[in-house]
Structures are given as structure tokens and as C-alpha cells.
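Structure first, then comments.
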Amino acid sequence: GYQVGSFPPLWTEWNDRYRDAVRDFWRGALPDVRDLGYRLSGSSDLYAWGGRRPYASVNFITSHDGFTLRDLVSYEHKHNEANGEGNRDGTDDNRSWNCGAEGEAGGPAVRALRRRQLRNMLTTLLLSTGVPMFVAGDEMGRTQGGNNNAYCQDGETSWVDWSLLDDPGWRALRDLTARLIALRRAHPVLRRRAFFSGRQTPDGLRDLAWFTADGAEMTEADWYAPTATVGMYLSGRDIAQRDPQGVPVVDDSFLALLHAGEEAMRCTLPGAPWAGAYEVLVDTAHESGGRWAGSPDERAGVPDQGGVPDGGAGVRYRAGSRLTVGARSVVLLKVVEAAATGPLPVRAEPRRKTR
């Protein structure tokens, strides 16, 4: 039977609830964001019992079985005719969205939207608490032509096509994925080994906080209301972790704005006690995840869907100001100035062993 979340400590599990929630959010099929909140923050509802930790959750959006990430945004129906079973094999529950045209059809606007959706899902995956997993080739647009049960194929359908990197657009996706992996590796707040408490500290901060588009903390009613926008604040000042020498781990703090709506959204950046100023690190409204570097698909006459001015990376905003989050995109910001309640902490660098 179905046993996700039921295994004892020391087991880790492929979290298909994460897969389904993230797919549904980015295709606009979630009735509210309650489930998404649990998945982004380590799935404590599934794993916070009996001493289990966030790394019990192996977060994934695609696996070896099913659509590739590119096919997830290109096909709404499986195309398994080549498997010789009359297209009866493979799941029909793909939770996919083809962005307006089935398969490789569609003009520049459709192709640009698909690549943006790939950036959104890879960014979401690598910012989520837990263990991220993605399939080889998803970071550079590998396709199986809509085949979601390619175990029986030993050819171009199932092979990794390295020539995809000759396309500037797919190379930009690979480069963004590498940037996100490096960011995750550099920041322990993105790799927490304990679940968030949500408790308020004396200075008013929480280790995890959720915000609406108007910069207010989410209320109970907000979790149950239909919405396409959610802000997730991760505090680097409240990591329940120590380094090998017993020193408390301190890191930068981050705000991720996830917006799955069809139109750009003006979002207010939370002020005190959360921050005094922010700097944009990633903006998936643009192909490079920052400044435009892009393919003809995203440059040739495709209207800008919003996003941070000038492609955004490195742009700073005062807390309380309004920032445009592009249609169906993620903006990741780092806190670069503390609120008036106190200075930013100094990051605890790992100590090197001496002989």
C-alpha cells in the first residue's frame, strides 16, 4: 500500500506529495497554498515524528518514470505509441500543462513560457527544505517526445542529448541550475537539518515566515484562500544547528516570492523586523535567472512579462517598497540590511582543522 511518511527514522523517502503540490502550483491547479507550504518547508506533516528530520524527504518533480521536466511543460497527454502497447501503458495522471500547444508546436511566446516554467520548477526545488533530486538532462531540456514510460526504449528517446547545450537557451538553464546548486551549497539555511519551529524570537523574527503579496504575514484565512502568490522568508539567524566545533551556525536570510499567476504582480517587501533592504539574486522572469542573456525565443518580439528591472540580479530594494514579480516567476532576494531592531549577524564560517 501507499506508505509515504510512514517509515521509521533513518529512512528517506521519495516525496510524491512534494511532486504533486509543486506541479499543481505552477500549472495553476492548487485550490490554496496549504499543501505547498508544507512541501517547501520540509514536509513536517509527514516526517516530524519519532525523531525524523527534513532530510527524510527526497523532494522531486520528475523521476526516471514519467515525463521529463521539459515534457511536463510541453505535453498534456502521454504519447507512448512507440512502446507498442497502443498508448495504454504509462500513467494518465501527469499533472502537466503544455503552455498552450501540444508537443513542440507553438510560437516564440509558448516556447518562452515553457522555459520560464522550467526555471520556476528547478528554482523551487533547489530552494525547498529536504533533499533535492532531479533527473539527468532536466537541467538542459531533455525530452522524450511525450513518452512517459520509456523504460523499454534504448535510443534517442531515452538517451541524454548533450548537443542541447549548443542552444543558448538550454545552456542558460544549465547555468542557472549550477548557480542554484552553488547557492544551496553555500547557505546552510537552505539545507536545514531540523524542522522550523515558527516561534517568534525576542526581536520579532521567526525562523520561517510566510507573506502575502502585500507584505503582511499570512493569517489562517490566507492559507485557505485561493492565491497564486506566496512569500517565504528563511531566517539565517535562527538555524537550530551547530558546526563540528559546537559553534551556532549563522547564515544570511532570504525571501522567496513565488508567483504562478498569469499577470505580473506588484509585491510589497516585508519591513521590520524582517529586513531593512534586500538584494535580488534570482529572477526567473528572465532567461538567465538574472540579466537577459538569452535565446531568440525570449528576445524576438516576446513582450516582457514583468520582473525586476534590467533583469534584476544585484538590484537592491528598501524594505516596504514594491517590486514587480513577473507572470509565472520566482524572485529570490537576500537580506542585505537588517531592520532597525539590530545589525545583521556575522556568518559563521566553517572552521578548518589544523594539524
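Chain labels A, B, ... are given in the sequence in which chains occur in the C-alpha cells; within each chain residues are numbered consecutively from 1, and ligands are likewise numbered from 1 in the order shown.
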
Within 12 Å of Met121 in chain A, counting only C-alpha atoms, which residues qualify if same-chain residues fewer than 5 places away don't, as a compact mmCIF listing (two decimals) with C-alpha atoms, in the first residue's frame?
```txt
# COMPACT_ATOMS: atom_id res chain seq x y z
CA TYR A 18 6.01 17.31 -2.97
CA ARG A 19 5.97 16.42 -6.67
CA ASP A 20 2.21 16.80 -6.97
CA ALA A 21 1.97 20.07 -5.00
CA VAL A 22 4.72 21.80 -6.98
CA ARG A 23 3.37 20.61 -10.32
CA ASP A 24 -0.14 21.76 -9.40
CA PHE A 25 1.01 25.16 -8.13
CA TRP A 26 2.89 26.05 -11.30
CA ARG A 27 0.07 24.88 -13.57
CA LEU A 40 8.54 23.89 0.62
CA ASN A 59 11.97 16.26 -2.97
CA PHE A 60 11.45 15.73 -6.68
CA ILE A 61 9.28 16.99 -9.52
CA THR A 62 10.30 14.39 -12.09
CA LEU A 69 10.72 18.28 -16.93
CA ARG A 70 10.63 19.69 -20.46
CA LEU A 72 5.93 18.27 -18.28
CA VAL A 73 5.51 21.78 -19.74
CA ARG A 114 7.87 26.79 -21.19
CA ARG A 115 11.46 27.71 -20.43
CA ARG A 116 10.30 30.06 -17.70
CA LEU A 126 16.56 23.85 -5.01
CA LEU A 127 15.14 26.35 -2.50
CA SER A 128 12.97 23.76 -0.74
CA PRO A 132 16.53 17.77 -3.89
CA MET A 133 16.53 15.22 -6.71
CA PHE A 134 16.20 15.83 -10.43
CA ASP A 138 16.28 18.08 -16.93
CA GLU A 139 18.74 20.92 -16.35
CA LEU A 173 19.04 26.80 -17.99
CA LEU A 176 21.06 28.75 -13.73
CA THR A 177 20.79 25.26 -12.24
CA LEU A 180 21.22 27.46 -7.64
CA LEU A 258 6.66 32.57 -5.88
CA HIS A 259 4.01 33.83 -8.27
CA ALA A 260 2.05 31.43 -10.51
CA THR A 284 13.14 33.59 -13.33
CA ARG A 328 4.64 32.91 -13.53
CA SER A 329 8.03 33.51 -11.98
CA VAL A 330 10.15 33.36 -8.84
```

Subject >> Residue contacts of Ala275 in chain A (7 Å, only C-alpha atoms) excluding same-chain residues fewer than 4 positions away, as a ChimeraX atom specification >> reply: /A:270-271,319,335,337-339

Save the residues we just selected, C-alpha atoms, as a short mmCIF file (atom, residue, chain, number, x, y, z; two decimals), in the first residue's frame?
```cif
data_model
loop_
_atom_site.label_atom_id
_atom_site.label_comp_id
_atom_site.auth_asym_id
_atom_site.auth_seq_id
_atom_site.Cartn_x
_atom_site.Cartn_y
_atom_site.Cartn_z
CA PRO A 270 8.35 42.98 4.32
CA GLY A 271 9.88 45.63 6.58
CA ALA A 319 12.03 47.13 2.77
CA VAL A 335 18.53 40.41 3.19
CA GLU A 337 20.45 45.28 5.65
CA ALA A 338 18.79 44.45 8.93
CA ALA A 339 15.76 46.31 10.22
#
```

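Using only C-alpha atoms for every distance, the candidate list A:Gln200, A:Ser253, A:Asn83, A:Thr227 yields A:Thr227 as the residue closest to Ala29 in chain A.
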
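For the choices A:Tyr278, A:Asn148, A:Thr157, A:Ser96, the atom-to-atom distance to Gly28 in chain A is smallest for A:Ser96 when using only C-alpha atoms.
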
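Here CA of Met140 in chain A is placed at a distance of 5.2 Å from CA of Arg174 in chain A.
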
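Between CA of Val336 in chain A and CA of Ala277 in chain A the separation is 5.7 Å.
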
Residues within 8 Å of Phe196 in chain A, please, as a PDB file with all heavy atoms, in the first residue's frame. Count only C-alpha atoms; anything in the same chain fewer than 6 positions from it doesn't count.
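The resulting file, around_28.pdb, is reproduced below:
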```pdb
ATOM      1  N   SER A  41       8.778  23.605   3.027  1.00  0.00           N
ATOM      2  CA  SER A  41       9.482  23.714   4.312  1.00  0.00           C
ATOM      3  C   SER A  41       9.871  22.369   4.914  1.00  0.00           C
ATOM      4  O   SER A  41      10.155  22.280   6.102  1.00  0.00           O
ATOM      5  CB  SER A  41       8.615  24.492   5.313  1.00  0.00           C
ATOM      6  OG  SER A  41       7.346  23.868   5.491  1.00  0.00           O
ATOM      7  N   ASP A 207      12.048  31.777  12.492  1.00  0.00           N
ATOM      8  CA  ASP A 207      12.960  31.086  11.579  1.00  0.00           C
ATOM      9  C   ASP A 207      12.323  30.851  10.220  1.00  0.00           C
ATOM     10  O   ASP A 207      13.011  30.733   9.208  1.00  0.00           O
ATOM     11  CB  ASP A 207      13.457  29.772  12.188  1.00  0.00           C
ATOM     12  CG  ASP A 207      12.331  28.816  12.593  1.00  0.00           C
ATOM     13  OD1 ASP A 207      11.152  29.161  12.414  1.00  0.00           O
ATOM     14  OD2 ASP A 207      12.657  27.727  13.112  1.00  0.00           O
ATOM     15  N   LEU A 208      10.983  30.825  10.174  1.00  0.00           N
ATOM     16  CA  LEU A 208      10.248  30.683   8.929  1.00  0.00           C
ATOM     17  C   LEU A 208       9.001  31.549   9.011  1.00  0.00           C
ATOM     18  O   LEU A 208       8.268  31.485   9.999  1.00  0.00           O
ATOM     19  CB  LEU A 208       9.839  29.221   8.708  1.00  0.00           C
ATOM     20  CG  LEU A 208       8.890  28.917   7.553  1.00  0.00           C
ATOM     21  CD1 LEU A 208       9.590  29.150   6.206  1.00  0.00           C
ATOM     22  CD2 LEU A 208       8.379  27.481   7.629  1.00  0.00           C
TER      23      LEU A 208
END
```
